[in-house]
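Engineer: Just one file: protein26.txt, with compact mmCIF, C-alpha atoms.
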# COMPACT_ATOMS: atom_id res chain seq x y z
CA MET A 1 174.38 42.64 110.10
CA VAL A 2 176.14 45.89 109.26
CA GLU A 3 174.83 48.91 107.48
CA TYR A 4 177.29 50.90 105.39
CA ARG A 5 177.33 54.67 105.35
CA ILE A 6 178.92 56.11 102.25
CA ASP A 7 180.38 59.60 102.40
CA ARG A 8 180.82 60.86 98.84
CA ARG A 9 182.74 63.95 99.94
CA SER A 10 185.30 62.13 102.07
CA GLY A 11 187.82 61.64 99.29
CA VAL A 12 188.18 57.98 100.35
CA ALA A 13 187.33 55.55 97.55
CA THR A 14 183.85 54.11 98.07
CA TYR A 15 185.01 50.49 98.09
CA LEU A 16 187.61 51.37 100.74
CA GLN A 17 184.91 52.90 102.92
CA ILE A 18 183.08 49.56 102.83
CA VAL A 19 186.31 47.69 103.64
CA GLN A 20 187.10 50.04 106.53
CA GLN A 21 183.59 49.98 107.96
CA THR A 22 183.53 46.17 107.82
CA LYS A 23 186.85 46.02 109.68
CA GLN A 24 185.59 48.52 112.21
CA ALA A 25 182.50 46.34 112.78
CA LEU A 26 184.79 43.31 113.20
CA ARG A 27 186.95 45.16 115.73
CA LEU A 28 183.96 46.29 117.73
CA GLY A 29 182.43 42.83 117.69
CA LEU A 30 179.39 44.01 115.73
CA LEU A 31 180.30 41.31 113.22
CA ALA A 32 181.50 37.90 114.37
CA PRO A 33 182.70 34.78 112.53
CA GLY A 34 179.78 33.08 110.78
CA ASP A 35 177.84 36.32 110.34
CA LYS A 36 176.59 37.11 106.87
CA LEU A 37 177.45 40.39 105.15
CA PRO A 38 174.59 42.12 103.35
CA THR A 39 174.21 41.11 99.71
CA ALA A 40 175.41 43.49 96.99
CA ARG A 41 171.78 44.06 96.14
CA GLU A 42 170.92 45.07 99.69
CA VAL A 43 173.90 47.42 99.93
CA VAL A 44 173.27 49.21 96.64
CA GLU A 45 169.55 49.51 97.25
CA ALA A 46 170.27 51.35 100.51
CA THR A 47 173.24 53.42 99.36
CA ALA A 48 172.60 53.94 95.62
CA ILE A 49 176.22 53.09 94.80
CA ASN A 50 177.43 50.93 91.93
CA PRO A 51 177.12 47.14 92.47
CA ASN A 52 180.67 46.52 91.23
CA THR A 53 181.98 48.74 94.02
CA VAL A 54 180.46 46.44 96.64
CA LEU A 55 181.83 43.36 94.91
CA LYS A 56 185.27 44.95 94.77
CA ALA A 57 185.17 45.67 98.52
CA TYR A 58 184.08 42.11 99.29
CA ARG A 59 186.85 40.72 97.08
CA GLU A 60 189.36 42.81 99.01
CA LEU A 61 188.03 41.52 102.36
CA GLU A 62 188.20 37.99 100.99
CA ARG A 63 191.79 38.53 99.84
CA GLU A 64 192.69 39.57 103.37
CA GLY A 65 191.12 36.36 104.67
CA LEU A 66 188.44 38.13 106.69
CA VAL A 67 185.40 36.88 104.79
CA GLU A 68 184.55 34.09 102.38
CA ALA A 69 182.05 33.96 99.57
CA ARG A 70 179.90 30.86 99.54
CA ARG A 71 178.42 30.31 96.13
CA GLY A 72 174.71 31.01 96.07
CA LEU A 73 174.57 31.70 99.81
CA GLY A 74 176.38 34.98 100.32
CA THR A 75 179.50 36.36 101.94
CA PHE A 76 180.32 35.27 105.49
CA VAL A 77 182.75 36.48 108.15
CA ARG A 78 185.66 34.07 108.68
CA LYS A 79 187.79 35.87 111.18
CA SER A 80 187.39 38.50 113.81
CA LEU A 81 189.70 41.44 114.17
CA GLY A 82 191.32 42.63 117.37
CA ALA A 83 190.15 41.85 120.87
CA ALA A 84 188.29 44.95 121.91
CA PRO A 85 184.55 44.36 121.55
CA ALA A 86 182.20 47.25 122.14
CA ASP A 87 181.55 46.21 125.76
CA SER A 88 185.11 45.29 126.86
CA PRO A 89 186.65 46.55 130.14
CA LEU A 90 189.33 48.34 128.08
CA ARG A 91 186.69 50.40 126.39
CA ALA A 92 185.13 51.29 129.73
CA GLU A 93 188.54 52.43 131.01
CA LEU A 94 189.09 54.50 127.90
CA THR A 95 185.67 56.07 128.36
CA ASP A 96 186.57 57.00 131.96
CA TRP A 97 189.82 58.47 130.71
CA ALA A 98 188.02 60.52 128.04
CA VAL A 99 185.65 61.90 130.65
CA ARG A 100 188.60 62.91 132.87
CA ALA A 101 190.43 64.48 129.91
CA ARG A 102 187.40 66.58 129.14
CA GLU A 103 187.01 67.62 132.76
CA ALA A 104 190.67 68.62 132.72
CA GLY A 105 189.79 71.08 129.95
CA LEU A 106 191.22 69.22 126.96
CA GLU A 107 189.50 69.79 123.63
CA HIS A 108 188.61 67.19 121.02
CA ASP A 109 191.75 67.82 118.96
CA ASP A 110 194.00 67.82 122.04
CA VAL A 111 192.65 64.42 123.05
CA ALA A 112 193.00 63.07 119.52
CA ALA A 113 196.61 64.29 119.31
CA LEU A 114 197.46 62.83 122.72
CA PHE A 115 195.86 59.51 121.85
CA ALA A 116 197.66 59.35 118.50
CA ALA A 117 201.00 60.12 120.17
CA VAL A 118 200.60 57.36 122.78
CA LEU A 119 199.39 54.96 120.09
CA GLU A 120 202.45 55.74 118.02
CA GLU A 121 204.75 55.24 121.03
CA HIS A 122 203.41 51.80 121.92
CA PHE A 123 202.60 50.35 118.55
CA LYS A 124 205.49 51.68 116.54
CA GLY A 125 206.45 49.32 113.76
CA ASP A 126 203.38 47.12 114.10
CA GLU A 127 201.29 46.53 111.07
CA ALA A 128 198.42 48.98 110.89
CA MET B 1 183.56 37.73 72.49
CA THR B 2 182.48 40.28 75.04
CA ASP B 3 178.82 41.12 74.95
CA ILE B 4 178.29 44.67 73.84
CA ALA B 5 175.18 46.51 75.03
CA ILE B 6 175.61 49.43 72.63
CA GLY B 7 178.11 49.61 69.80
CA ALA B 8 178.46 52.64 67.57
CA ALA B 9 180.56 52.75 64.41
CA GLY B 10 180.84 56.02 62.53
CA LEU B 11 177.43 56.86 63.95
CA SER B 12 176.14 60.19 62.68
CA LYS B 13 172.79 61.87 62.78
CA ALA B 14 172.13 65.02 60.87
CA PHE B 15 169.01 67.11 61.26
CA GLY B 16 167.93 69.77 58.83
CA ALA B 17 169.55 72.64 60.65
CA TRP B 18 172.66 70.57 61.36
CA LYS B 19 173.09 69.79 57.68
CA ARG B 20 172.95 73.47 56.92
CA THR B 21 175.57 74.11 59.58
CA MET B 22 177.87 71.47 58.12
CA ARG B 23 177.49 72.88 54.61
CA ALA B 24 178.10 76.33 55.94
CA ARG B 25 181.26 75.12 57.68
CA GLY B 26 182.65 73.73 54.43
CA HIS B 27 181.85 77.04 52.88
CA VAL B 28 183.47 78.92 55.74
CA ASP B 29 186.76 77.10 55.23
CA MET B 30 186.98 78.27 51.65
CA ARG B 31 186.14 81.81 52.54
CA LEU B 32 188.65 81.87 55.36
CA ARG B 33 191.37 81.05 52.89
CA ARG B 34 190.38 84.13 51.00
CA GLY B 35 190.56 86.11 54.22
CA ALA B 36 186.83 86.74 54.55
CA ARG B 37 184.95 86.60 57.85
CA PRO B 38 183.15 83.32 58.53
CA ALA B 39 179.42 83.33 57.95
CA THR B 40 177.34 82.85 61.08
CA THR B 41 174.70 80.18 61.01
CA ALA B 42 171.45 79.93 62.86
CA PRO B 43 171.61 77.71 65.95
CA GLN B 44 169.99 74.31 65.44
CA ARG B 45 167.24 73.14 67.77
CA THR B 46 168.00 69.43 67.91
CA THR B 47 171.62 68.42 68.05
CA GLY B 48 173.12 66.05 65.55
CA LEU B 49 175.87 63.54 66.14
CA SER B 50 179.04 63.24 64.16
CA GLN B 51 181.10 60.07 63.74
CA LEU B 52 180.64 58.40 67.11
CA ASP B 53 182.69 55.25 67.72
CA PHE B 54 182.34 53.50 71.05
CA ARG B 55 181.41 50.21 72.66
CA LEU B 56 179.56 49.86 75.91
CA PRO B 57 179.95 46.38 77.44
CA VAL B 58 176.92 44.63 78.96
CA GLY B 59 176.39 45.11 82.70
CA ARG B 60 177.77 48.64 82.96
CA ILE B 61 176.12 51.63 84.58
CA CYS B 62 177.00 54.33 82.10
CA ALA B 63 176.83 58.07 82.70
CA LEU B 64 176.00 59.98 79.52
CA VAL B 65 177.20 63.48 80.22
CA GLY B 66 177.50 66.70 78.26
CA PRO B 67 176.33 70.29 78.15
CA ASN B 68 172.85 71.15 76.93
CA GLY B 69 172.67 70.45 73.23
CA ALA B 70 175.60 68.02 73.18
CA GLY B 71 173.49 65.28 71.58
CA LYS B 72 172.72 63.11 74.62
CA SER B 73 169.02 62.74 73.83
CA THR B 74 169.76 62.13 70.16
CA LEU B 75 172.12 59.28 71.04
CA LEU B 76 169.59 57.68 73.39
CA ALA B 77 166.82 57.97 70.79
CA LEU B 78 169.10 56.31 68.20
CA ALA B 79 169.89 53.43 70.58
CA ALA B 80 166.17 53.07 71.36
CA GLY B 81 165.43 52.81 67.64
CA LEU B 82 163.29 55.96 67.57
CA LEU B 83 165.67 57.69 65.18
CA ARG B 84 167.63 56.28 62.27
CA PRO B 85 171.30 57.11 61.78
CA SER B 86 172.15 59.34 58.82
CA GLU B 87 175.45 57.52 58.53
CA GLY B 88 177.17 54.67 60.30
CA THR B 89 175.55 52.07 62.53
CA VAL B 90 174.39 51.54 66.07
CA SER B 91 173.94 48.01 67.39
CA VAL B 92 172.09 47.17 70.56
CA LEU B 93 172.46 43.89 72.48
CA GLY B 94 174.07 42.28 69.45
CA THR B 95 171.33 43.23 66.99
CA THR B 96 169.55 46.26 65.57
CA PRO B 97 167.68 48.63 67.88
CA ALA B 98 164.39 47.56 66.25
CA ALA B 99 165.05 43.85 66.85
CA ALA B 100 166.13 44.56 70.44
CA ARG B 101 163.05 46.65 71.21
CA GLU B 102 161.49 44.04 73.47
CA ARG B 103 164.69 43.73 75.52
CA LEU B 104 165.28 47.42 76.10
CA ALA B 105 163.39 50.13 77.90
CA TYR B 106 163.65 53.81 77.16
CA VAL B 107 162.40 56.64 79.33
CA ALA B 108 162.33 59.91 77.42
CA GLN B 109 163.06 63.20 79.07
CA ASP B 110 159.41 64.32 79.09
CA LYS B 111 158.23 60.93 80.53
CA PRO B 112 155.31 60.42 78.13
CA LEU B 113 152.39 58.69 79.84
CA HIS B 114 148.66 58.70 79.17
CA PRO B 115 147.35 61.54 81.36
CA HIS B 116 143.80 60.16 81.63
CA LEU B 117 144.83 56.71 82.90
CA THR B 118 145.20 55.91 86.59
CA VAL B 119 148.49 54.69 88.02
CA ALA B 120 147.11 51.15 88.33
CA ALA B 121 145.77 51.22 84.75
CA THR B 122 149.15 52.44 83.50
CA LEU B 123 150.84 49.43 85.10
CA ARG B 124 148.18 47.11 83.65
CA LEU B 125 148.89 48.61 80.25
CA GLY B 126 152.57 47.81 80.78
CA ARG B 127 151.64 44.22 81.52
CA GLU B 128 149.41 43.94 78.44
CA LEU B 129 152.07 45.42 76.17
CA ASN B 130 154.88 43.22 77.50
CA PRO B 131 153.17 39.88 78.09
CA ARG B 132 156.31 37.76 77.99
CA ARG B 133 158.60 39.82 80.22
CA TRP B 134 156.44 41.86 82.59
CA ASP B 135 157.22 41.71 86.33
CA HIS B 136 154.22 43.25 88.04
CA ALA B 137 155.66 42.96 91.56
CA VAL B 138 158.65 45.13 90.65
CA ALA B 139 156.50 47.81 89.04
CA GLU B 140 154.05 47.85 91.94
CA ARG B 141 156.81 48.09 94.52
CA ILE B 142 158.36 51.16 92.86
CA VAL B 143 154.99 52.89 92.77
CA ALA B 144 154.23 51.88 96.36
CA GLU B 145 157.57 53.22 97.61
CA GLY B 146 156.50 56.64 96.42
CA GLU B 147 153.21 56.27 98.28
CA LEU B 148 151.30 56.89 95.08
CA ASP B 149 147.58 56.26 95.10
CA PRO B 150 146.95 53.52 92.49
CA ASP B 151 143.65 55.20 91.59
CA ALA B 152 145.17 58.64 90.98
CA LYS B 153 145.05 59.85 87.38
CA ILE B 154 148.45 60.46 85.81
CA ARG B 155 147.53 64.08 85.01
CA THR B 156 147.07 64.82 88.73
CA LEU B 157 150.62 63.68 89.58
CA SER B 158 153.62 65.93 90.12
CA GLY B 159 156.62 65.73 87.78
CA GLY B 160 158.55 63.61 90.25
CA GLN B 161 155.63 61.22 90.75
CA ARG B 162 155.28 60.84 86.99
CA THR B 163 158.97 59.99 86.79
CA ARG B 164 158.38 57.27 89.35
CA VAL B 165 155.55 55.76 87.29
CA ALA B 166 157.67 55.96 84.13
CA LEU B 167 160.54 54.15 85.87
CA ALA B 168 158.10 51.55 87.24
CA LEU B 169 156.95 50.87 83.67
CA ALA B 170 160.54 50.68 82.42
CA LEU B 171 161.78 48.33 85.17
CA GLY B 172 158.60 46.23 85.11
CA LYS B 173 159.53 45.35 81.56
CA ARG B 174 162.64 43.59 82.94
CA PRO B 175 164.87 45.15 80.30
CA GLU B 176 168.41 44.03 79.56
CA LEU B 177 169.23 47.60 78.60
CA LEU B 178 167.71 50.62 80.28
CA LEU B 179 168.04 53.98 78.52
CA LEU B 180 167.14 56.91 80.76
CA ASP B 181 167.13 60.48 79.52
CA GLU B 182 167.61 62.87 82.47
CA PRO B 183 165.76 60.45 84.75
CA MET B 184 166.35 62.28 88.02
CA ALA B 185 165.85 65.88 86.89
CA ASP B 186 162.54 66.54 88.65
CA LEU B 187 162.96 64.31 91.69
CA ASP B 188 163.51 65.51 95.25
CA PRO B 189 166.72 64.29 96.95
CA LEU B 190 165.01 61.45 98.81
CA ALA B 191 163.22 60.10 95.74
CA ARG B 192 166.43 60.48 93.74
CA HIS B 193 168.35 58.41 96.28
CA GLN B 194 165.57 55.80 96.51
CA LEU B 195 165.19 55.40 92.76
CA THR B 196 168.92 55.31 92.11
CA GLY B 197 169.08 52.59 94.78
CA THR B 198 166.27 50.73 93.03
CA LEU B 199 168.11 50.97 89.70
CA MET B 200 171.35 49.75 91.25
CA ALA B 201 169.57 46.86 92.98
CA ASP B 202 168.02 45.84 89.66
CA ALA B 203 171.45 45.98 88.03
CA ALA B 204 173.00 43.95 90.88
CA GLU B 205 170.37 41.26 90.62
CA HIS B 206 169.85 40.98 86.88
CA GLY B 207 173.00 42.46 85.36
CA THR B 208 170.95 45.15 83.62
CA THR B 209 172.96 47.63 81.58
CA VAL B 210 171.92 51.19 82.41
CA VAL B 211 172.65 54.37 80.46
CA MET B 212 171.64 57.57 82.27
CA SER B 213 172.04 61.01 80.82
CA SER B 214 172.47 64.02 83.04
CA HIS B 215 174.16 67.34 83.17
CA VAL B 216 174.37 67.18 86.96
CA VAL B 217 177.56 65.21 87.36
CA ALA B 218 177.39 65.00 91.16
CA GLU B 219 174.30 62.81 91.04
CA LEU B 220 176.09 60.21 88.90
CA GLU B 221 179.24 59.97 90.98
CA GLY B 222 179.29 56.73 92.90
CA SER B 223 176.62 54.96 90.89
CA CYS B 224 178.23 54.90 87.44
CA ASP B 225 181.22 52.82 86.35
CA HIS B 226 181.38 53.93 82.72
CA LEU B 227 181.44 57.37 81.15
CA LEU B 228 180.43 58.82 77.80
CA LEU B 229 181.10 62.55 77.62
CA LEU B 230 179.63 64.26 74.57
CA GLY B 231 180.32 67.76 73.34
CA ALA B 232 178.88 69.39 70.24
CA GLY B 233 177.80 66.05 68.80
CA ARG B 234 181.14 64.31 69.26
CA ILE B 235 182.72 62.00 71.81
CA ARG B 236 185.05 63.77 74.21
CA LEU B 237 185.65 60.91 76.65
CA ALA B 238 184.51 57.29 76.52
CA GLY B 239 185.46 54.28 78.60
CA PRO B 240 185.45 52.66 82.03
CA LEU B 241 185.31 55.45 84.61
CA GLU B 242 188.20 54.13 86.72
CA ASP B 243 190.48 53.92 83.69
CA LEU B 244 189.52 57.40 82.50
CA LEU B 245 190.22 58.90 85.92
CA ALA B 246 193.51 57.01 86.15
CA ALA B 247 194.55 58.39 82.75
CA HIS B 248 194.38 61.97 84.06
CA ARG B 249 196.22 63.95 86.70
CA LEU B 250 195.39 67.26 88.28
CA VAL B 251 198.77 68.91 88.75
CA THR B 252 199.98 72.01 90.53
CA GLY B 253 203.43 73.37 89.69
CA ARG B 254 205.24 76.61 89.04
CA ALA B 255 204.12 78.91 86.26
CA LYS B 256 207.41 78.57 84.39
CA ASP B 257 207.25 74.75 84.31
CA SER B 258 206.71 73.13 80.95
CA LEU B 259 203.80 70.72 80.58
CA ALA B 260 205.46 68.86 77.69
CA PRO B 261 205.38 66.00 76.79
CA HIS B 262 202.03 65.50 78.53
CA THR B 263 198.69 65.97 76.79
CA VAL B 264 197.15 69.09 78.29
CA VAL B 265 193.38 69.19 78.67
CA GLU B 266 193.27 72.49 80.48
CA SER B 267 195.84 74.70 82.17
CA ARG B 268 195.89 78.07 83.83
CA THR B 269 198.39 80.13 85.79
CA THR B 270 197.62 82.21 88.85
CA GLY B 271 200.57 84.36 89.85
CA ARG B 272 203.50 81.95 90.08
CA GLN B 273 201.29 78.88 90.24
CA LEU B 274 200.35 76.59 87.40
CA THR B 275 197.30 74.32 87.64
CA ALA B 276 196.50 71.86 84.88
CA LEU B 277 194.57 68.73 84.03
CA ILE B 278 196.88 66.54 81.97
CA ARG B 279 197.08 63.07 80.52
CA PRO B 280 200.55 62.08 81.65
CA GLU B 281 202.95 60.73 79.05
CA GLY B 282 205.61 59.23 81.28
CA PRO B 283 206.52 60.43 84.79
CA THR B 284 205.42 63.88 85.93
CA THR B 285 207.97 66.49 86.99
CA PRO B 286 209.31 65.99 90.53
CA GLY B 287 208.00 68.68 92.84
CA TRP B 288 204.62 68.82 91.15
CA GLN B 289 201.67 67.99 93.26
CA ALA B 290 199.70 65.46 91.21
CA THR B 291 196.38 63.90 92.19
CA GLU B 292 193.78 61.85 90.37
CA PRO B 293 190.79 64.05 89.48
CA THR B 294 187.26 63.33 90.64
CA LEU B 295 184.56 62.65 88.05
CA GLU B 296 183.32 66.21 88.48
CA GLU B 297 186.79 67.72 88.01
CA LEU B 298 187.39 65.57 84.95
CA VAL B 299 184.10 66.53 83.33
CA LEU B 300 184.29 70.23 84.17
CA ALA B 301 187.83 70.57 82.81
CA HIS B 302 186.73 69.01 79.53
CA LEU B 303 183.66 71.23 79.33
CA ARG B 304 185.78 74.34 79.89
CA ALA B 305 188.22 73.19 77.21
CA PRO B 306 186.07 72.20 74.23
CA ASP B 307 189.12 71.88 71.97
CA ALA B 308 191.00 69.38 74.16
CA PRO B 309 191.66 66.12 72.31
CA ALA B 310 189.15 63.29 72.76
CA LEU B 311 190.06 60.10 74.59
CA THR B 312 188.41 56.71 74.14
CA LEU B 313 189.49 53.81 76.31
CA ASP B 314 188.02 50.54 75.13
CA ASP B 315 188.23 47.65 77.54
CA ALA B 316 186.21 45.26 75.42
CA GLN B 317 189.29 43.40 74.19
CA GLU B 318 190.78 42.89 77.64
CA ALA B 319 187.47 41.85 79.12
CA ALA B 320 187.14 39.19 76.43
CA VAL B 321 190.30 37.37 77.56
What does the file become when written as structure tokens?
Structural biologist:
Amino acid sequence: MVEYRIDRRSGVATYLQIVQQTKQALRLGLLAPGDKLPTAREVVEATAINPNTVLKAYRELEREGLVEARRGLGTFVRKSLGAAPADSPLRAELTDWAVRAREAGLEHDDVAALFAAVLEEHFKGDEA
Amino acid sequence: MTDIAIGAAGLSKAFGAWKRTMRARGHVDMRLRRGARPATTAPQRTTGLSQLDFRLPVGRICALVGPNGAGKSTLLALAAGLLRPSEGTVSVLGTTPAAARERLAYVAQDKPLHPHLTVAATLRLGRELNPRRWDHAVAERIVAEGELDPDAKIRTLSGGQRTRVALALALGKRPELLLLDEPMADLDPLARHQLTGTLMADAAEHGTTVVMSSHVVAELEGSCDHLLLLGAGRIRLAGPLEDLLAAHRLVTGRAKDSLAPHTVVESRTTGRQLTALIRPEGPTTPGWQATEPTLEELVLAHLRAPDAPALTLDDAQEAAV
């Protein structure tokens, strides 16, 4: 189960925050096919946002084929995203790299810029 | 036909002082033509409403916004059937406010409760008064979430705790329409978040229509999907929030740029820079920076510009298709 954190000052539309956080959870393996998303009621009770916003986010995820609504049962994950679960070897390597970068004196923004540049180099033209 | 939670047609409410103001205004017009100074009138205590036309579809969470004295409380009291219109009509859930009384709940600004009753007795009273609809579990849960002692007398409670009991009574009634006048004003941030969450959960589960008045716009952002902005007893903005925001642009350009043919809500120049909130009529000038305003920006611009034209976007027809 995921828990959504809504940042009202982020400038990102609330429904998009839910879409992005769901995708992030799918990428990290926190949500797997067959898992149930929280009901609209559960989400709005915890976040105090408008119910229609949650439904809009779930419709968007459904349109992208990531989840499916089963009448009377809830919304379920259909597909996973990416292949880098939270405990993968790739993540461990990246963690090592981040530690070395910090030891080398790089600051947060330096690392972010470096990472973005390499990402751009290797994934140019791919769909985001 | 789309179900309408609240429909107003030519809805006006005049109070004694308001009537005097209106008469004085007629009088002022004549004197202005003769070049005399307008007469000043005494400020009225309760605000009237003048010619409101709007429709609020069922299932919306509506923010009722406006400066102090805009007529928010008057409108809620009319919808609750506690006041009668001077002119025009207000319909509630497809009938008159009086006939809909059982299906609506209204929490007044001062949260009237019996001070000598205990919390538990207040909830029992709610059950006795609403035998057909009462949901005791809901009411008890709201009170319990605030860690209120059921045996505490209402008069010993803080303002925020009283608000919680009032909301427990209102939601326990399982209303189809919930009218809340400044519901969150005396709540701490945690209670405000909790109770807004409770309201939203109720709306998600039962499709309850909620109208909440407030002059703190920030607390409504995120939870409301419909907006009614009142100013001086008239409608300034009415409609689905997304559509209203999409109908406006916050633009930055050069001071010498012309804002025509757009409708200008508010504009100001600082040095060489022009900033304006407009309702675009056709494409905006290339080179302008144009963004969609936030709810707060939209409301504040309209409050600063009381003479900007009103805008009502009615989606009832489209929703009916």
Engineer: Calculate how many Å separate CA of Leu52 (chain B) from CA of Ser214 (chain B), rounding to one decimal.
Structural biologist: 18.8 Å
Engineer: For chain B against chain A, which residues fall within 10 Å using only C-alpha atoms, given as a JSON list (two decimals) with C-alpha atoms, keeping the file's coordinate frame?
Structural biologist:
[["chain", "number", "residue", "atom", "x", "y", "z"],
["B", 59, "GLY", "CA", 176.39, 45.11, 82.70],
["B", 60, "ARG", "CA", 177.77, 48.64, 82.96],
["B", 61, "ILE", "CA", 176.12, 51.63, 84.58],
["B", 192, "ARG", "CA", 166.43, 60.48, 93.74],
["B", 193, "HIS", "CA", 168.35, 58.41, 96.28],
["B", 194, "GLN", "CA", 165.57, 55.80, 96.51],
["B", 195, "LEU", "CA", 165.19, 55.40, 92.76],
["B", 196, "THR", "CA", 168.92, 55.31, 92.11],
["B", 197, "GLY", "CA", 169.08, 52.59, 94.78],
["B", 198, "THR", "CA", 166.27, 50.73, 93.03],
["B", 199, "LEU", "CA", 168.11, 50.97, 89.70],
["B", 200, "MET", "CA", 171.35, 49.75, 91.25],
["B", 201, "ALA", "CA", 169.57, 46.86, 92.98],
["B", 202, "ASP", "CA", 168.02, 45.84, 89.66],
["B", 203, "ALA", "CA", 171.45, 45.98, 88.03],
["B", 204, "ALA", "CA", 173.00, 43.95, 90.88],
["B", 205, "GLU", "CA", 170.37, 41.26, 90.62],
["B", 206, "HIS", "CA", 169.85, 40.98, 86.88],
["B", 207, "GLY", "CA", 173.00, 42.46, 85.36],
["B", 218, "ALA", "CA", 177.39, 65.00, 91.16],
["B", 220, "LEU", "CA", 176.09, 60.21, 88.90],
["B", 221, "GLU", "CA", 179.24, 59.97, 90.98],
["B", 222, "GLY", "CA", 179.29, 56.73, 92.90],
["B", 223, "SER", "CA", 176.62, 54.96, 90.89],
["B", 224, "CYS", "CA", 178.23, 54.90, 87.44],
["B", 225, "ASP", "CA", 181.22, 52.82, 86.35],
["B", 294, "THR", "CA", 187.26, 63.33, 90.64]]
Engineer: For CA of Thr263 (chain B) and CA of Ile6 (chain B), determine how far apart the two atoms are, in Å to one decimal place.
Structural biologist: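 Between CA of Thr263 (chain B) and CA of Ile6 (chain B) the gap works out to 28.7 Å.
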Engineer: May I ask for the distance between CA of Ala108 (chain B) and CA of Ala166 (chain B), given in Å to one decimal place?
Structural biologist: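 Straight-line distance from CA of Ala108 (chain B) to CA of Ala166 (chain B) works out to 9.1 Å.
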Engineer: Residues near region 79-94 of chain B, anyone? I mean within 10 Å using only C-alpha atoms, not counting same-chain ones fewer than 4 positions away, as a VMD selection string.
Structural biologist: chain B and resid 3 to 15 48 to 58 73 to 75 98 to 101 103 to 108 176 to 179 209
